[in-house]
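A short write-up of the structure that comes next.
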Amino acid sequence: MARSDKDNSLISYKVSKLQREGMGLKQARAVAFRMYREGELQGTARASRPKRTPTRSRTVSRTRTPSRTRRR
């Protein structure tokens, strides 16, 4: 049976997460596929995370201030 796009994204996300934690690519792939096969990858995709609430935009001053780090 072929994997769905959601399953592929779950595996891909887990691989990238394991790599950020210091694991090599081949080992991260093996761990992610084992976890998928055993049903441990439920709901870890980016799409299942809650969306951030929008923050109020700040007004940014458009005038340029002189640099204070220049030597004179």
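In the structure tokens, the first chain shown is A, the next is B, and so on; residue numbers restart at 1 for each chain, and ligands run from 1 in the order shown.
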
Neighbouring residues of Val15 in chain A were defined as those with any atom within 6 Å, considering only C-alpha atoms; residues of the same chain fewer than 5 positions away were excluded. Please report them as an NGL selection string. :A and (28-29 or 32)

Create the file for the chosen residues now, containing N, CA, C and O atoms and written as a compact mmCIF listing (two decimals), in the first residue's frame.
# COMPACT_ATOMS: atom_id res chain seq x y z
N ALA A 28 18.61 9.06 10.65
CA ALA A 28 17.35 9.75 10.88
C ALA A 28 16.25 9.16 10.01
O ALA A 28 15.11 8.99 10.46
N ARG A 29 16.58 8.84 8.76
CA ARG A 29 15.59 8.20 7.88
C ARG A 29 15.17 6.85 8.42
O ARG A 29 13.98 6.52 8.43
N ALA A 32 12.92 7.36 11.45
CA ALA A 32 11.61 7.90 11.07
C ALA A 32 10.74 6.82 10.41
O ALA A 32 9.55 6.71 10.71

Selection near Lys17 in chain A, 12 Å with only C-alpha atoms, sequence-local residues under 2 positions removed, as a PyMOL selection string: chain A and resi 10-15+19-25+28-29+31-32+44-46

Given the selection you just returned, output its residues as a file containing all heavy atoms, formatted as a short mmCIF file (atom, residue, chain, number, x, y, z; two decimals), in the first residue's frame.
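The result, written out as again.cif:
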data_model
loop_
_atom_site.label_atom_id
_atom_site.label_comp_id
_atom_site.auth_asym_id
_atom_site.auth_seq_id
_atom_site.Cartn_x
_atom_site.Cartn_y
_atom_site.Cartn_z
N LEU A 10 4.70 13.62 7.35
CA LEU A 10 5.02 13.23 8.73
C LEU A 10 6.45 12.68 8.81
O LEU A 10 7.22 13.03 9.69
CB LEU A 10 4.04 12.18 9.23
CG LEU A 10 2.63 12.62 9.58
CD1 LEU A 10 1.75 11.41 9.84
CD2 LEU A 10 2.66 13.52 10.79
N ILE A 11 6.79 11.80 7.87
CA ILE A 11 8.12 11.19 7.86
C ILE A 11 9.18 12.24 7.59
O ILE A 11 10.21 12.30 8.27
CB ILE A 11 8.17 10.05 6.82
CG1 ILE A 11 7.24 8.91 7.24
CG2 ILE A 11 9.60 9.54 6.65
CD1 ILE A 11 7.00 7.88 6.17
N SER A 12 8.93 13.11 6.63
CA SER A 12 9.89 14.15 6.28
C SER A 12 10.14 15.10 7.45
O SER A 12 11.28 15.47 7.74
CB SER A 12 9.37 14.94 5.08
OG SER A 12 10.21 16.01 4.79
N TYR A 13 9.07 15.48 8.14
CA TYR A 13 9.21 16.37 9.28
C TYR A 13 10.02 15.70 10.39
O TYR A 13 10.88 16.32 11.01
CB TYR A 13 7.83 16.78 9.81
CG TYR A 13 7.89 17.66 11.02
CD1 TYR A 13 8.36 18.96 10.94
CD2 TYR A 13 7.51 17.19 12.27
CE1 TYR A 13 8.44 19.77 12.05
CE2 TYR A 13 7.58 17.99 13.39
CZ TYR A 13 8.04 19.27 13.27
OH TYR A 13 8.13 20.07 14.38
N LYS A 14 9.76 14.43 10.62
CA LYS A 14 10.49 13.71 11.67
C LYS A 14 11.97 13.59 11.33
O LYS A 14 12.83 13.74 12.19
CB LYS A 14 9.87 12.32 11.90
CG LYS A 14 10.43 11.62 13.10
CD LYS A 14 10.14 12.39 14.37
CE LYS A 14 10.63 11.67 15.59
NZ LYS A 14 10.30 12.38 16.82
N VAL A 15 12.27 13.33 10.04
CA VAL A 15 13.67 13.24 9.61
C VAL A 15 14.38 14.57 9.87
O VAL A 15 15.48 14.60 10.43
CB VAL A 15 13.77 12.83 8.12
CG1 VAL A 15 15.18 13.00 7.60
CG2 VAL A 15 13.32 11.40 7.93
N GLN A 19 17.48 15.31 12.47
CA GLN A 19 18.75 15.88 12.01
C GLN A 19 19.12 17.12 12.82
O GLN A 19 20.29 17.34 13.12
CB GLN A 19 18.67 16.23 10.53
CG GLN A 19 18.84 15.04 9.63
CD GLN A 19 18.92 15.47 8.19
OE1 GLN A 19 17.99 16.05 7.65
NE2 GLN A 19 20.04 15.17 7.57
N ARG A 20 18.12 17.94 13.15
CA ARG A 20 18.40 19.13 13.96
C ARG A 20 18.90 18.75 15.34
O ARG A 20 19.62 19.51 15.98
CB ARG A 20 17.15 19.98 14.10
CG ARG A 20 16.83 20.82 12.89
CD ARG A 20 15.77 21.85 13.20
NE ARG A 20 14.57 21.28 13.75
CZ ARG A 20 13.47 20.97 13.07
NH1 ARG A 20 13.43 21.18 11.78
NH2 ARG A 20 12.42 20.46 13.68
N GLU A 21 18.52 17.55 15.79
CA GLU A 21 18.97 17.08 17.10
C GLU A 21 20.36 16.43 17.03
O GLU A 21 20.85 15.95 18.04
CB GLU A 21 17.96 16.09 17.66
CG GLU A 21 16.63 16.72 18.01
CD GLU A 21 15.59 15.71 18.44
OE1 GLU A 21 15.88 14.50 18.46
OE2 GLU A 21 14.47 16.15 18.75
N GLY A 22 20.97 16.39 15.83
CA GLY A 22 22.33 15.91 15.70
C GLY A 22 22.49 14.53 15.08
O GLY A 22 23.59 14.00 15.05
N MET A 23 21.43 13.95 14.60
CA MET A 23 21.50 12.62 14.01
C MET A 23 21.86 12.73 12.52
O MET A 23 21.48 13.70 11.87
CB MET A 23 20.14 11.93 14.17
CG MET A 23 20.16 10.44 13.99
SD MET A 23 18.56 9.69 14.35
CE MET A 23 18.55 9.76 16.13
N GLY A 24 22.58 11.77 12.01
CA GLY A 24 22.93 11.75 10.59
C GLY A 24 21.70 11.46 9.72
O GLY A 24 20.68 10.96 10.19
N LEU A 25 21.81 11.76 8.43
CA LEU A 25 20.68 11.62 7.52
C LEU A 25 20.20 10.18 7.40
O LEU A 25 19.00 9.90 7.53
CB LEU A 25 21.03 12.16 6.14
CG LEU A 25 19.95 12.03 5.06
CD1 LEU A 25 18.71 12.81 5.46
CD2 LEU A 25 20.47 12.48 3.73
N ALA A 28 18.61 9.06 10.65
CA ALA A 28 17.35 9.75 10.88
C ALA A 28 16.25 9.16 10.01
O ALA A 28 15.11 8.99 10.46
CB ALA A 28 17.51 11.24 10.59
N ARG A 29 16.58 8.84 8.76
CA ARG A 29 15.59 8.20 7.88
C ARG A 29 15.17 6.85 8.42
O ARG A 29 13.98 6.52 8.43
CB ARG A 29 16.17 8.01 6.48
CG ARG A 29 16.23 9.25 5.66
CD ARG A 29 16.81 8.95 4.32
NE ARG A 29 16.96 10.14 3.52
CZ ARG A 29 17.73 10.20 2.44
NH1 ARG A 29 18.40 9.14 2.04
NH2 ARG A 29 17.81 11.32 1.76
N VAL A 31 15.22 5.75 11.51
CA VAL A 31 14.42 5.92 12.72
C VAL A 31 13.02 6.39 12.37
O VAL A 31 12.02 5.88 12.90
CB VAL A 31 15.11 6.90 13.70
CG1 VAL A 31 14.18 7.29 14.83
CG2 VAL A 31 16.39 6.30 14.24
N ALA A 32 12.92 7.36 11.45
CA ALA A 32 11.61 7.90 11.07
C ALA A 32 10.74 6.82 10.41
O ALA A 32 9.55 6.71 10.71
CB ALA A 32 11.77 9.09 10.15
N THR A 44 2.51 14.55 14.25
CA THR A 44 3.73 15.33 14.45
C THR A 44 4.04 16.23 13.26
O THR A 44 5.08 16.85 13.22
CB THR A 44 4.94 14.40 14.68
OG1 THR A 44 5.06 13.52 13.58
CG2 THR A 44 4.80 13.63 15.97
N ALA A 45 3.13 16.32 12.30
CA ALA A 45 3.39 17.16 11.13
C ALA A 45 3.20 18.63 11.47
O ALA A 45 2.51 18.98 12.41
CB ALA A 45 2.46 16.77 9.99
N ARG A 46 3.79 19.50 10.67
CA ARG A 46 3.65 20.92 10.88
C ARG A 46 2.20 21.36 10.76
O ARG A 46 1.76 22.29 11.39
CB ARG A 46 4.48 21.68 9.86
CG ARG A 46 5.94 21.48 10.05
CD ARG A 46 6.70 22.22 9.00
NE ARG A 46 7.93 21.50 8.80
CZ ARG A 46 8.67 21.56 7.74
NH1 ARG A 46 8.31 22.31 6.74
NH2 ARG A 46 9.77 20.87 7.65
#

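Atom pair CA of Asp5 in chain A / CA of Thr53 in chain A: separated by 26.8 Å.
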